[in-house]
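Novice: My questions all concern the structure below.
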Amino acid sequence: RPTPDRIATSEFADEFSSEVAELHHGDVLIAAITSCTNTSNPSVMVAAGLLAKKAVEKGLRVPRVVKTSLAPGSRVVTDYYLRSGLNRYLDQLGFFTVGYGCTTCIGNSGPLDPLVEDAITKNDLVGASVLSGNRNFEARVHQSIRANFLMSPPLVVAFALAGRVDIDMTQEPIGRGKNGQHVYLREIWPSMEEIRDVMQRSVDPAAYRRLYSDFADQNPLWNQIPSSAGLLYKWDPNSTYIQEPPFFESNGTKVGDVRGARPLAIFGDSVTTDHISPAGSIKKDSPAGRYLIEHGVKPEDFNSYGSRRGNDRVMTRGTFANVRIKNLMVPGVEGGVTLHQPDGERMSIYDAAMKYQKEKTPLVVIAGQEYGAGSSRDWAAKGTRLLGVRAVVAQSFERIHRSNLVGMGVLPLQFEEGTNARTLELDGTETFDIAGLTSLRPQQKVKLTIHRANGQAQDVPVTLRIDTPIEVEYYQNGGILPFVLRQLMSGKNSGLRTEGQDRPTESSVLSPQS
């Protein structure tokens with residue numbers, strides 16, 4: 001890398017102590033004990049607390065540049081921490097309880113210190129996060145953190161103390177304790193006997209019943225939120241969190257061949273649903289950020305894409321907006337940008353999609369292997385559909401995302417073995433026809449015709465990855481939502497309405513969370 005290994009940042013001196021006045025590749029910048037799964041395991045949570053206790057007693061501390069947090073999946077964790085007294089040691093190391101729910105694992109990390117963020121950007125630093133969460137897809141934990149490692153809660157504490165990930169903890173000390181002596185991980189790692197002793201004294205099964213038997217009464221702030229009752233949801237046109245989605249505004253996808261489609265993007269391998277539909281923070285200079293600012297939302301109140309998934313205006317603008325996504329139509333550039341054709345103007349993927357919609361130009365996305373891997377995020381397919389993408393042509397699909405694309409009326413098409421964007425020498429200036437869609441059968445062969453800018457044409461056989469007869473019906477109805485609505489309206493599912501009952505309206509069928 002052209003970036004030097006050590007970067008002197010004297011301007012950090014007022015903000016951080018001298019030992020962290022420099023940032024390096026591999027420095028730990030986020031350390032989070034989080035996740036709805038392993039924080040529900042008392043043994044590893046007690047181990048984290050015991051390791052923190054021993055570290056504090058040895059005189060270790062976490063470098064101030066490390067952003068630490070503790071987000072248990074249950075209030076019972078806090079209960080046995082208080083009973084055992086381990087909470088105060090975690091607090092001393094900066095692992096304060098920030099809440100009970102999805103945090104760093106889904107991208108709700110909050111901002112880094114502005115000076116740290118600035119140093120990362122200016123010097124192209126590869127900072128690290130360590131978390132006990134479930135997922136570490138690219139740019140998910142934090143948009144500026146490139147190296148993200150999943151580990152147990154006690155190891156999160158250990159790496160936070162070490163302050164870097166390029167360390168062999170079996171041989172190297174993780175820090176200096178009292179009087180400057182080296183402290184090794186083996187000296188503070190708790191034994192199973194110690195863990196069992198604390199669990200026997202502090203973990204009380206009755207706490208689960210006590211803390212969750214009257215859950216509604218224990219959340220007065222939640223109960224104070226004004227709400228309305230009735231069969232129909234009252235849409236607020238001024239809300240930036242929930243809007244009536246447009247999935248029923250038309251009669252669904254026009255089933256038939258696709259002519260003159262432009263590529264919205266050309267991707268390589270392993271594009272995840274986090275690349276397609278980020279869940280984390282919203283940048284103020286992104287299409288979603290500009291939308292929120294236009295609607296009176298200050299950047300500090302943006303919240304996250306995940307929190308605004310009830311607003312299709314935000315989520316559509318966030319589709320393909322991951323800061324690490326690489327569109328091969330714009331070589332050497334990261335982020336959700338593309339080239340509008342045929343003029344070649346560079347713009348955001350969202351802006352290009354809207355321009356194509358005004359021009360009534362259908363769109364395709366070209367991708368490599370494992371397209372749609374990762375979380376089974378429904379908005380990755382919803383956003384693709386709302387951008388006007390008619391088909392995704394990939395070397396292979398992740399199972400759930402392929403199904404979700406069909407459910408939203410988007411055609412998944414698969415190249416034959418050995419064929420991809422590179423072998424076809426695609427550069428984004430082409431247009432595409434897809435023929436053979438008038439009479440659909442599961443996994444039939446269809447013809448993809450590539451029309452190049454020089455006037456040449458090439459036919460490429462692809463496989464229709466609509467895999468079952470019911471998926472054919474979904475697609476022919478414009479997706480699963482219009483399919484279900486038509487079933488309800490026709491009365492075919494008599495168990496969903498009674499004789500004489502008014503037929504359901506669009507608002508009553510599609511909930512804000514759908």
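Naming works like this for the structure tokens: A, B, ... for the chains as they're shown, residue 1 at the start of each chain, ligands 1 onward in shown order.
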Can you pull out every residue within 9 Å of A:Val116, counting only C-alpha atoms, but drop anything in the same chain fewer than 2 positions away, and send it as a PyMOL selection string?
Specialist: chain A and resi 12+23+29+65+112-114+118-121
Novice: Residues near A:Glu172, anyone? I mean within 10 Å using only C-alpha atoms, not counting same-chain ones fewer than 3 positions away, as a list in words.
Specialist: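 Using only C-alpha atoms, the neighbours found are Ala162, Ile167, Asp168, Met169, Gly175, His182, Val183, Tyr184 and Leu185 of chain A.
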Novice: Write a file of the just-selected residues containing C-alpha atoms, as a PDB file, in the first residue's frame.
Specialist:
```pdb
ATOM      1  CA  ALA A 162      -4.730  -4.905  22.835  1.00  0.00           C
ATOM      2  CA  ILE A 167      -1.208  -9.593  17.338  1.00  0.00           C
ATOM      3  CA  ASP A 168      -0.395 -13.158  18.378  1.00  0.00           C
ATOM      4  CA  MET A 169      -1.974 -13.298  21.817  1.00  0.00           C
ATOM      5  CA  GLY A 175      -0.781  -4.491  27.192  1.00  0.00           C
ATOM      6  CA  HIS A 182       3.636  -6.861  30.459  1.00  0.00           C
ATOM      7  CA  VAL A 183       0.287  -8.642  30.809  1.00  0.00           C
ATOM      8  CA  TYR A 184      -0.522 -11.694  28.700  1.00  0.00           C
ATOM      9  CA  LEU A 185      -3.952 -13.044  27.765  1.00  0.00           C
TER      10      LEU A 185
END
```
Novice: So that I can check the surroundings of A:Glu473, please list as a short mmCIF file (atom, residue, chain, number, x, y, z; two decimals) with C-alpha atoms, in the first residue's frame every protein, DNA and RNA residue that reaches within 10 Å of it, counting only C-alpha atoms and ignoring chain neighbours fewer than 6 positions away.
Specialist:
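Printed below is result.cif as written:
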```cif
data_model
loop_
_atom_site.label_atom_id
_atom_site.label_comp_id
_atom_site.auth_asym_id
_atom_site.auth_seq_id
_atom_site.Cartn_x
_atom_site.Cartn_y
_atom_site.Cartn_z
CA VAL A 406 -39.04 -13.64 -8.31
CA GLY A 407 -41.39 -12.59 -5.52
CA LEU A 440 -42.86 -19.44 -19.14
CA ILE A 466 -37.84 -19.27 -11.95
CA GLY A 479 -44.80 -10.55 -7.87
CA ILE A 480 -46.12 -12.30 -4.81
CA PHE A 483 -50.64 -12.32 -6.61
#
```
Novice: For atom CA of A:Ser69 and atom CA of A:Pro153, determine how far apart the two atoms are, in Å to one decimal place.
Specialist: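 Computing the Euclidean distance for atom CA of A:Ser69 and atom CA of A:Pro153 yields 11.2 Å.
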Novice: Expressed in Å to a single decimal, how great is the separation between atom CA of A:Pro342 and atom CA of A:Gly418?
Specialist: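 Taking atom CA of A:Pro342 and atom CA of A:Gly418, their separation equals 28.6 Å.
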Novice: From the list A:Lys178, A:Arg135, A:Arg210, A:His24, which residue is nearest A:Asn123 when using only C-alpha atoms?
Specialist: A:His24
Novice: List every residue of stretch 57-216 of chain A that DSSP, applied to the backbone of this structure, places in strand (DSSP E), and write the result as number ranges by chain.
Specialist: A: 67-70, 128-131, 147-150, 175-176, 182-183
